[in-house]
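Q: Got a structure for you, written out below as structure tokens; questions coming shortly.
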Amino acid sequence: MYFDEKGAGNTEQCVELALKTAAERNIRHIVVASGSGDTARLFIGAKGARVVCVTNAYGFKEPGKTKITDAARQELERAGIRVLAATHVLSGAERGISRKHGGVGPVELMADTLRMLGQGVKVCVEIAVMALDAGLIPHGEEIMVVAGSGRGADTAVIMHPAHANNILDTKINEIVCKPGNF
């Protein structure tokens, strides 16, 4: 499915499609991008699936801080959703070097290439690899990944992520939904 526009206005339908498709395909693991926890809350009570919320790393916007509050994190964890705050695998240290010294590295090129399909597709690949590297999802199993182009969700993909040290082995099996205009 293609949404007419990108953004938070697609969140409810994107989440519904992701949950429905995951149930139909017996996909047992869902990874969702959620800076504040709002999008992840929509997965509370997801039947038959283990949900991982990937949020911004500490220091992403402001040193020593992250967007998700302790209360939101605790609410999600009480509901059985695992919360991961970690460095973005498709930027991280490489972006820090590029900002200081100029140029662009191969990881940033990969991120920009994935953005050719939309910001949400890039984020889906990124957070799936992060969750796999953190041991929060199993290796070799097809998963559902949900992300967006800012706030909310507008992209869902079915994929087999690889660990960061083998990121080019990642397979996007199916794009369930994404914005057509981005």
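Identifiers in the structure tokens: chain A, B, ... in order shown; residue index from 1 per chain; ligand index from 1 in order shown.
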Applying 8 Å and only C-alpha atoms, which residues near Asn173 (chain A) remain after dropping the ones on its own chain fewer than 3 positions away? List them as a ChimeraX atom specification.
A: /A:157-160
Q: Name the residues in contact with Asp169 (chain A) at a cut-off of 12 Å, using only C-alpha atoms, excluding same-chain residues fewer than 2 positions from it; report them as a ChimeraX atom specification.
A: /A:125,129,139-140,159-167,171-172
Q: Could you dump the residues just selected with C-alpha atoms as a compact mmCIF listing (two decimals), in the first residue's frame?
A:
# COMPACT_ATOMS: atom_id res chain seq x y z
CA VAL A 125 16.75 -1.21 8.18
CA VAL A 129 19.98 -4.12 12.75
CA HIS A 139 19.00 -13.93 14.04
CA GLY A 140 17.71 -15.54 10.85
CA MET A 159 12.76 -8.27 6.47
CA HIS A 160 15.64 -10.45 7.60
CA PRO A 161 18.16 -8.10 9.23
CA ALA A 162 21.84 -8.93 9.46
CA HIS A 163 24.21 -7.86 12.21
CA ALA A 164 25.96 -4.52 11.63
CA ASN A 165 29.24 -6.27 10.82
CA ASN A 166 27.42 -8.02 7.93
CA ILE A 167 24.86 -5.30 7.15
CA LYS A 171 17.22 -8.58 3.10
CA ILE A 172 14.10 -6.46 2.70
Q: With distances taken over only C-alpha atoms, which residue among A:Asp70, A:Glu174, A:Glu5, A:Glu62 lies nearest Cys124 (chain A)?
A: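 Among the listed residues, the smallest separation from Cys124 (chain A) belongs to A:Glu174.
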Q: Please run DSSP on the backbone and report, as a VMD selection string, all residues within region 12-180 of chain A that come out as strand (DSSP E).
A: chain A and resid 29 to 33 50 to 55 82 to 85 143 to 147 155 to 160 171 to 179
Q: Could you save the residues just selected, with N, CA and C atoms, as an mmCIF file, in the first residue's frame?
A:
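Final output, saved to out-v6.cif:
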data_model
loop_
_atom_site.group_PDB
_atom_site.id
_atom_site.type_symbol
_atom_site.label_atom_id
_atom_site.label_comp_id
_atom_site.auth_asym_id
_atom_site.auth_seq_id
_atom_site.Cartn_x
_atom_site.Cartn_y
_atom_site.Cartn_z
ATOM 1 N N HIS A 29 8.038 -11.328 15.689
ATOM 2 C CA HIS A 29 8.802 -10.209 16.240
ATOM 3 C C HIS A 29 8.529 -8.941 15.439
ATOM 4 N N ILE A 30 8.225 -7.868 16.163
ATOM 5 C CA ILE A 30 7.968 -6.560 15.559
ATOM 6 C C ILE A 30 8.927 -5.564 16.194
ATOM 7 N N VAL A 31 9.606 -4.799 15.356
ATOM 8 C CA VAL A 31 10.495 -3.734 15.817
ATOM 9 C C VAL A 31 9.890 -2.422 15.349
ATOM 10 N N VAL A 32 9.756 -1.465 16.263
ATOM 11 C CA VAL A 32 9.113 -0.190 15.943
ATOM 12 C C VAL A 32 9.992 0.971 16.395
ATOM 13 N N ALA A 33 10.135 1.966 15.525
ATOM 14 C CA ALA A 33 10.838 3.196 15.879
ATOM 15 C C ALA A 33 9.876 4.094 16.636
ATOM 16 N N ARG A 50 6.284 -10.421 19.847
ATOM 17 C CA ARG A 50 7.137 -9.719 20.815
ATOM 18 C C ARG A 50 7.547 -8.409 20.165
ATOM 19 N N VAL A 51 7.376 -7.323 20.886
ATOM 20 C CA VAL A 51 7.613 -5.994 20.325
ATOM 21 C C VAL A 51 8.844 -5.364 20.968
ATOM 22 N N VAL A 52 9.669 -4.762 20.117
ATOM 23 C CA VAL A 52 10.833 -4.002 20.557
ATOM 24 C C VAL A 52 10.659 -2.575 20.066
ATOM 25 N N CYS A 53 10.784 -1.625 20.966
ATOM 26 C CA CYS A 53 10.762 -0.199 20.637
ATOM 27 C C CYS A 53 12.202 0.288 20.577
ATOM 28 N N VAL A 54 12.604 0.844 19.432
ATOM 29 C CA VAL A 54 13.936 1.432 19.313
ATOM 30 C C VAL A 54 13.769 2.948 19.337
ATOM 31 N N THR A 55 14.423 3.573 20.288
ATOM 32 C CA THR A 55 14.333 5.018 20.458
ATOM 33 C C THR A 55 15.707 5.645 20.245
ATOM 34 N N ARG A 82 10.031 -4.312 24.922
ATOM 35 C CA ARG A 82 11.432 -4.030 25.254
ATOM 36 C C ARG A 82 11.810 -2.697 24.618
ATOM 37 N N VAL A 83 12.564 -1.878 25.319
ATOM 38 C CA VAL A 83 12.955 -0.553 24.832
ATOM 39 C C VAL A 83 14.471 -0.501 24.688
ATOM 40 N N LEU A 84 14.921 -0.102 23.504
ATOM 41 C CA LEU A 84 16.348 0.001 23.206
ATOM 42 C C LEU A 84 16.685 1.434 22.813
ATOM 43 N N ALA A 85 17.593 2.049 23.536
ATOM 44 C CA ALA A 85 18.170 3.345 23.167
ATOM 45 C C ALA A 85 19.618 3.060 22.794
ATOM 46 N N ILE A 143 11.108 -10.697 10.322
ATOM 47 C CA ILE A 143 10.484 -9.801 11.290
ATOM 48 C C ILE A 143 9.685 -8.716 10.571
ATOM 49 N N MET A 144 8.802 -8.062 11.310
ATOM 50 C CA MET A 144 8.082 -6.882 10.838
ATOM 51 C C MET A 144 8.752 -5.669 11.465
ATOM 52 N N VAL A 145 8.966 -4.637 10.670
ATOM 53 C CA VAL A 145 9.598 -3.421 11.172
ATOM 54 C C VAL A 145 8.743 -2.227 10.766
ATOM 55 N N VAL A 146 8.526 -1.312 11.711
ATOM 56 C CA VAL A 146 7.663 -0.149 11.497
ATOM 57 C C VAL A 146 8.435 1.114 11.854
ATOM 58 N N ALA A 147 8.380 2.104 10.961
ATOM 59 C CA ALA A 147 9.079 3.369 11.200
ATOM 60 C C ALA A 147 8.342 4.485 10.472
ATOM 61 N N THR A 155 5.678 3.639 7.397
ATOM 62 C CA THR A 155 6.382 2.599 6.652
ATOM 63 C C THR A 155 6.424 1.310 7.471
ATOM 64 N N ALA A 156 6.111 0.198 6.817
ATOM 65 C CA ALA A 156 6.247 -1.119 7.440
ATOM 66 C C ALA A 156 6.880 -2.054 6.422
ATOM 67 N N VAL A 157 7.880 -2.798 6.852
ATOM 68 C CA VAL A 157 8.542 -3.754 5.969
ATOM 69 C C VAL A 157 8.711 -5.091 6.674
ATOM 70 N N ILE A 158 8.729 -6.139 5.877
ATOM 71 C CA ILE A 158 9.076 -7.477 6.345
ATOM 72 C C ILE A 158 10.513 -7.706 5.903
ATOM 73 N N MET A 159 11.352 -8.130 6.830
ATOM 74 C CA MET A 159 12.759 -8.270 6.473
ATOM 75 C C MET A 159 13.485 -9.297 7.332
ATOM 76 N N HIS A 160 14.663 -9.647 6.865
ATOM 77 C CA HIS A 160 15.638 -10.447 7.604
ATOM 78 C C HIS A 160 16.846 -9.532 7.826
ATOM 79 N N LYS A 171 18.176 -8.381 4.201
ATOM 80 C CA LYS A 171 17.220 -8.584 3.103
ATOM 81 C C LYS A 171 15.889 -7.927 3.449
ATOM 82 N N ILE A 172 15.447 -7.015 2.593
ATOM 83 C CA ILE A 172 14.098 -6.463 2.701
ATOM 84 C C ILE A 172 13.225 -7.357 1.834
ATOM 85 N N ASN A 173 12.386 -8.161 2.471
ATOM 86 C CA ASN A 173 11.574 -9.127 1.742
ATOM 87 C C ASN A 173 10.335 -8.507 1.120
ATOM 88 N N GLU A 174 9.730 -7.561 1.831
ATOM 89 C CA GLU A 174 8.486 -6.973 1.329
ATOM 90 C C GLU A 174 8.264 -5.616 1.981
ATOM 91 N N ILE A 175 7.820 -4.656 1.186
ATOM 92 C CA ILE A 175 7.382 -3.373 1.723
ATOM 93 C C ILE A 175 5.873 -3.460 1.856
ATOM 94 N N VAL A 176 5.386 -3.469 3.084
ATOM 95 C CA VAL A 176 3.951 -3.588 3.364
ATOM 96 C C VAL A 176 3.254 -2.271 3.057
ATOM 97 N N CYS A 177 3.860 -1.158 3.492
ATOM 98 C CA CYS A 177 3.319 0.162 3.183
ATOM 99 C C CYS A 177 4.423 1.198 3.313
ATOM 100 N N LYS A 178 4.251 2.294 2.589
ATOM 101 C CA LYS A 178 5.180 3.422 2.640
ATOM 102 C C LYS A 178 4.534 4.599 1.925
ATOM 103 N N PRO A 179 5.034 5.799 2.142
ATOM 104 C CA PRO A 179 4.501 6.932 1.394
ATOM 105 C C PRO A 179 4.926 6.853 -0.074
#
Q: Find, counting only C-alpha atoms, the residue in A:Leu90, A:Val15, A:Ala71, A:Ile81 that gets nearest to Leu136 (chain A).
A: A:Ile81
Q: Assign secondary structure with DSSP using the backbone only, and return the residues of region 28-135 of chain A in helix (DSSP H, G or I) as a PDB file with N, CA and C atoms, in the first residue's frame.
A:
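Written output follows (states_10.pdb):
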ATOM      1  N   ASP A  38       5.230   7.161  21.866  1.00  0.00           N
ATOM      2  CA  ASP A  38       3.832   7.257  21.429  1.00  0.00           C
ATOM      3  C   ASP A  38       3.472   6.193  20.392  1.00  0.00           C
ATOM      4  N   THR A  39       4.296   6.029  19.368  1.00  0.00           N
ATOM      5  CA  THR A  39       4.000   5.020  18.345  1.00  0.00           C
ATOM      6  C   THR A  39       4.086   3.621  18.939  1.00  0.00           C
ATOM      7  N   ALA A  40       5.059   3.373  19.778  1.00  0.00           N
ATOM      8  CA  ALA A  40       5.203   2.051  20.406  1.00  0.00           C
ATOM      9  C   ALA A  40       3.988   1.698  21.253  1.00  0.00           C
ATOM     10  N   ARG A  41       3.361   2.693  21.879  1.00  0.00           N
ATOM     11  CA  ARG A  41       2.163   2.431  22.701  1.00  0.00           C
ATOM     12  C   ARG A  41       1.058   1.764  21.883  1.00  0.00           C
ATOM     13  N   ASP A  70      11.379   8.582  31.316  1.00  0.00           N
ATOM     14  CA  ASP A  70      11.446   7.381  32.151  1.00  0.00           C
ATOM     15  C   ASP A  70      10.059   6.775  32.332  1.00  0.00           C
ATOM     16  N   ALA A  71       9.045   7.635  32.487  1.00  0.00           N
ATOM     17  CA  ALA A  71       7.668   7.146  32.672  1.00  0.00           C
ATOM     18  C   ALA A  71       7.185   6.392  31.441  1.00  0.00           C
ATOM     19  N   ALA A  72       7.466   6.923  30.243  1.00  0.00           N
ATOM     20  CA  ALA A  72       7.045   6.248  29.008  1.00  0.00           C
ATOM     21  C   ALA A  72       7.776   4.923  28.852  1.00  0.00           C
ATOM     22  N   ARG A  73       9.066   4.912  29.127  1.00  0.00           N
ATOM     23  CA  ARG A  73       9.855   3.676  29.042  1.00  0.00           C
ATOM     24  C   ARG A  73       9.289   2.622  29.993  1.00  0.00           C
ATOM     25  N   GLN A  74       9.009   3.020  31.228  1.00  0.00           N
ATOM     26  CA  GLN A  74       8.476   2.083  32.220  1.00  0.00           C
ATOM     27  C   GLN A  74       7.103   1.562  31.811  1.00  0.00           C
ATOM     28  N   GLU A  75       6.263   2.425  31.249  1.00  0.00           N
ATOM     29  CA  GLU A  75       4.936   1.996  30.784  1.00  0.00           C
ATOM     30  C   GLU A  75       5.067   0.923  29.711  1.00  0.00           C
ATOM     31  N   LEU A  76       5.943   1.155  28.745  1.00  0.00           N
ATOM     32  CA  LEU A  76       6.145   0.184  27.667  1.00  0.00           C
ATOM     33  C   LEU A  76       6.704  -1.126  28.218  1.00  0.00           C
ATOM     34  N   GLU A  77       7.682  -1.031  29.084  1.00  0.00           N
ATOM     35  CA  GLU A  77       8.291  -2.245  29.631  1.00  0.00           C
ATOM     36  C   GLU A  77       7.301  -3.040  30.480  1.00  0.00           C
ATOM     37  N   ARG A  78       6.449  -2.347  31.239  1.00  0.00           N
ATOM     38  CA  ARG A  78       5.410  -3.048  32.018  1.00  0.00           C
ATOM     39  C   ARG A  78       4.439  -3.777  31.096  1.00  0.00           C
ATOM     40  N   GLY A  92      25.879   7.277  13.551  1.00  0.00           N
ATOM     41  CA  GLY A  92      26.773   7.078  14.686  1.00  0.00           C
ATOM     42  C   GLY A  92      28.099   7.799  14.580  1.00  0.00           C
ATOM     43  N   ALA A  93      29.166   7.092  14.852  1.00  0.00           N
ATOM     44  CA  ALA A  93      30.503   7.677  14.889  1.00  0.00           C
ATOM     45  C   ALA A  93      30.911   8.244  13.531  1.00  0.00           C
ATOM     46  N   GLU A  94      30.473   7.601  12.448  1.00  0.00           N
ATOM     47  CA  GLU A  94      30.861   8.086  11.123  1.00  0.00           C
ATOM     48  C   GLU A  94      30.356   9.504  10.882  1.00  0.00           C
ATOM     49  N   ARG A  95      29.136   9.807  11.311  1.00  0.00           N
ATOM     50  CA  ARG A  95      28.593  11.157  11.142  1.00  0.00           C
ATOM     51  C   ARG A  95      29.401  12.162  11.963  1.00  0.00           C
ATOM     52  N   GLY A  96      29.819  11.766  13.150  1.00  0.00           N
ATOM     53  CA  GLY A  96      30.643  12.652  13.971  1.00  0.00           C
ATOM     54  C   GLY A  96      31.947  13.021  13.280  1.00  0.00           C
ATOM     55  N   ILE A  97      32.562  12.061  12.623  1.00  0.00           N
ATOM     56  CA  ILE A  97      33.804  12.317  11.889  1.00  0.00           C
ATOM     57  C   ILE A  97      33.521  13.200  10.682  1.00  0.00           C
ATOM     58  N   SER A  98      32.451  12.923   9.938  1.00  0.00           N
ATOM     59  CA  SER A  98      32.097  13.723   8.760  1.00  0.00           C
ATOM     60  C   SER A  98      31.818  15.171   9.134  1.00  0.00           C
ATOM     61  N   ARG A  99      31.119  15.377  10.234  1.00  0.00           N
ATOM     62  CA  ARG A  99      30.814  16.750  10.669  1.00  0.00           C
ATOM     63  C   ARG A  99      32.089  17.517  11.023  1.00  0.00           C
ATOM     64  N   LYS A 100      33.026  16.834  11.615  1.00  0.00           N
ATOM     65  CA  LYS A 100      34.250  17.503  12.064  1.00  0.00           C
ATOM     66  C   LYS A 100      35.248  17.700  10.926  1.00  0.00           C
ATOM     67  N   HIS A 101      35.366  16.714  10.046  1.00  0.00           N
ATOM     68  CA  HIS A 101      36.418  16.742   9.032  1.00  0.00           C
ATOM     69  C   HIS A 101      35.910  16.858   7.596  1.00  0.00           C
ATOM     70  N   PRO A 106      31.078   5.526   3.812  1.00  0.00           N
ATOM     71  CA  PRO A 106      30.232   4.517   3.170  1.00  0.00           C
ATOM     72  C   PRO A 106      28.925   4.232   3.913  1.00  0.00           C
ATOM     73  N   VAL A 107      28.925   4.319   5.226  1.00  0.00           N
ATOM     74  CA  VAL A 107      27.688   4.060   5.975  1.00  0.00           C
ATOM     75  C   VAL A 107      26.671   5.164   5.699  1.00  0.00           C
ATOM     76  N   GLU A 108      27.139   6.410   5.630  1.00  0.00           N
ATOM     77  CA  GLU A 108      26.236   7.518   5.298  1.00  0.00           C
ATOM     78  C   GLU A 108      25.714   7.393   3.866  1.00  0.00           C
ATOM     79  N   LEU A 109      26.545   6.902   2.961  1.00  0.00           N
ATOM     80  CA  LEU A 109      26.084   6.660   1.587  1.00  0.00           C
ATOM     81  C   LEU A 109      25.000   5.589   1.562  1.00  0.00           C
ATOM     82  N   MET A 110      25.167   4.546   2.370  1.00  0.00           N
ATOM     83  CA  MET A 110      24.149   3.505   2.452  1.00  0.00           C
ATOM     84  C   MET A 110      22.836   4.097   2.952  1.00  0.00           C
ATOM     85  N   ALA A 111      22.910   4.933   3.975  1.00  0.00           N
ATOM     86  CA  ALA A 111      21.705   5.566   4.516  1.00  0.00           C
ATOM     87  C   ALA A 111      21.019   6.411   3.450  1.00  0.00           C
ATOM     88  N   ASP A 112      21.794   7.202   2.719  1.00  0.00           N
ATOM     89  CA  ASP A 112      21.201   8.038   1.669  1.00  0.00           C
ATOM     90  C   ASP A 112      20.605   7.194   0.549  1.00  0.00           C
ATOM     91  N   THR A 113      21.226   6.081   0.237  1.00  0.00           N
ATOM     92  CA  THR A 113      20.684   5.184  -0.791  1.00  0.00           C
ATOM     93  C   THR A 113      19.350   4.598  -0.342  1.00  0.00           C
ATOM     94  N   LEU A 114      19.267   4.167   0.897  1.00  0.00           N
ATOM     95  CA  LEU A 114      17.993   3.647   1.416  1.00  0.00           C
ATOM     96  C   LEU A 114      16.919   4.726   1.425  1.00  0.00           C
ATOM     97  N   ARG A 115      17.310   5.988   1.651  1.00  0.00           N
ATOM     98  CA  ARG A 115      16.339   7.094   1.635  1.00  0.00           C
ATOM     99  C   ARG A 115      15.722   7.298   0.258  1.00  0.00           C
ATOM    100  N   MET A 116      16.300   6.732  -0.779  1.00  0.00           N
ATOM    101  CA  MET A 116      15.693   6.811  -2.115  1.00  0.00           C
ATOM    102  C   MET A 116      14.325   6.135  -2.120  1.00  0.00           C
ATOM    103  N   LEU A 117      14.102   5.237  -1.170  1.00  0.00           N
ATOM    104  CA  LEU A 117      12.797   4.591  -0.996  1.00  0.00           C
ATOM    105  C   LEU A 117      11.972   5.273   0.089  1.00  0.00           C
ATOM    106  N   GLN A 119      12.460   7.908   3.943  1.00  0.00           N
ATOM    107  CA  GLN A 119      13.108   7.919   5.257  1.00  0.00           C
ATOM    108  C   GLN A 119      12.701   6.713   6.093  1.00  0.00           C
ATOM    109  N   GLY A 120      11.443   6.313   5.992  1.00  0.00           N
ATOM    110  CA  GLY A 120      10.956   5.185   6.784  1.00  0.00           C
ATOM    111  C   GLY A 120      11.661   3.881   6.457  1.00  0.00           C
ATOM    112  N   VAL A 121      11.962   3.641   5.181  1.00  0.00           N
ATOM    113  CA  VAL A 121      12.669   2.416   4.794  1.00  0.00           C
ATOM    114  C   VAL A 121      14.073   2.425   5.396  1.00  0.00           C
ATOM    115  N   LYS A 122      14.736   3.571   5.332  1.00  0.00           N
ATOM    116  CA  LYS A 122      16.068   3.687   5.938  1.00  0.00           C
ATOM    117  C   LYS A 122      16.011   3.377   7.426  1.00  0.00           C
ATOM    118  N   VAL A 123      15.033   3.969   8.108  1.00  0.00           N
ATOM    119  CA  VAL A 123      14.913   3.762   9.553  1.00  0.00           C
ATOM    120  C   VAL A 123      14.577   2.305   9.863  1.00  0.00           C
ATOM    121  N   CYS A 124      13.739   1.672   9.051  1.00  0.00           N
ATOM    122  CA  CYS A 124      13.410   0.258   9.272  1.00  0.00           C
ATOM    123  C   CYS A 124      14.667  -0.610   9.258  1.00  0.00           C
ATOM    124  N   VAL A 125      15.508  -0.426   8.255  1.00  0.00           N
ATOM    125  CA  VAL A 125      16.745  -1.207   8.180  1.00  0.00           C
ATOM    126  C   VAL A 125      17.613  -0.915   9.402  1.00  0.00           C
ATOM    127  N   GLU A 126      17.754   0.345   9.713  1.00  0.00           N
ATOM    128  CA  GLU A 126      18.611   0.766  10.819  1.00  0.00           C
ATOM    129  C   GLU A 126      18.183   0.166  12.157  1.00  0.00           C
ATOM    130  N   ILE A 127      16.902   0.300  12.497  1.00  0.00           N
ATOM    131  CA  ILE A 127      16.452  -0.166  13.817  1.00  0.00           C
ATOM    132  C   ILE A 127      16.413  -1.684  13.912  1.00  0.00           C
ATOM    133  N   ALA A 128      16.170  -2.357  12.785  1.00  0.00           N
ATOM    134  CA  ALA A 128      16.186  -3.825  12.802  1.00  0.00           C
ATOM    135  C   ALA A 128      17.590  -4.339  13.110  1.00  0.00           C
ATOM    136  N   VAL A 129      18.590  -3.734  12.488  1.00  0.00           N
ATOM    137  CA  VAL A 129      19.981  -4.117  12.748  1.00  0.00           C
ATOM    138  C   VAL A 129      20.353  -3.801  14.196  1.00  0.00           C
ATOM    139  N   MET A 130      19.924  -2.651  14.690  1.00  0.00           N
ATOM    140  CA  MET A 130      20.210  -2.269  16.076  1.00  0.00           C
ATOM    141  C   MET A 130      19.598  -3.266  17.060  1.00  0.00           C
ATOM    142  N   ALA A 131      18.343  -3.651  16.816  1.00  0.00           N
ATOM    143  CA  ALA A 131      17.667  -4.612  17.702  1.00  0.00           C
ATOM    144  C   ALA A 131      18.340  -5.978  17.642  1.00  0.00           C
ATOM    145  N   LEU A 132      18.767  -6.388  16.449  1.00  0.00           N
ATOM    146  CA  LEU A 132      19.465  -7.668  16.304  1.00  0.00           C
ATOM    147  C   LEU A 132      20.802  -7.633  17.044  1.00  0.00           C
ATOM    148  N   ASP A 133      21.560  -6.558  16.851  1.00  0.00           N
ATOM    149  CA  ASP A 133      22.855  -6.444  17.524  1.00  0.00           C
ATOM    150  C   ASP A 133      22.711  -6.415  19.042  1.00  0.00           C
TER     151      ASP A 133
END
Q: If we count only C-alpha atoms, what is near Tyr58 (chain A) at a cut-off of 10 Å, once residues fewer than 4 positions away on the same chain are taken out, given as a ChimeraX atom specification?
A: /A:62-68,85-87
Q: Between CA of Gly152 (chain A) and CA of Gly48 (chain A), what distance in Å does the model show, to one decimal?
A: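 Computing the Euclidean distance for CA of Gly152 (chain A) and CA of Gly48 (chain A) yields 22.8 Å.
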Q: Distance CA of Ala46 (chain A)-CA of Ala23 (chain A), one decimal place?
A: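 Pair CA of Ala46 (chain A) / CA of Ala23 (chain A) returns 9.4 Å.
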Q: What does the structure give for the distance between CA of Ser149 (chain A) and CA of Thr11 (chain A), in Å to one decimal?
A: 10.5 Å
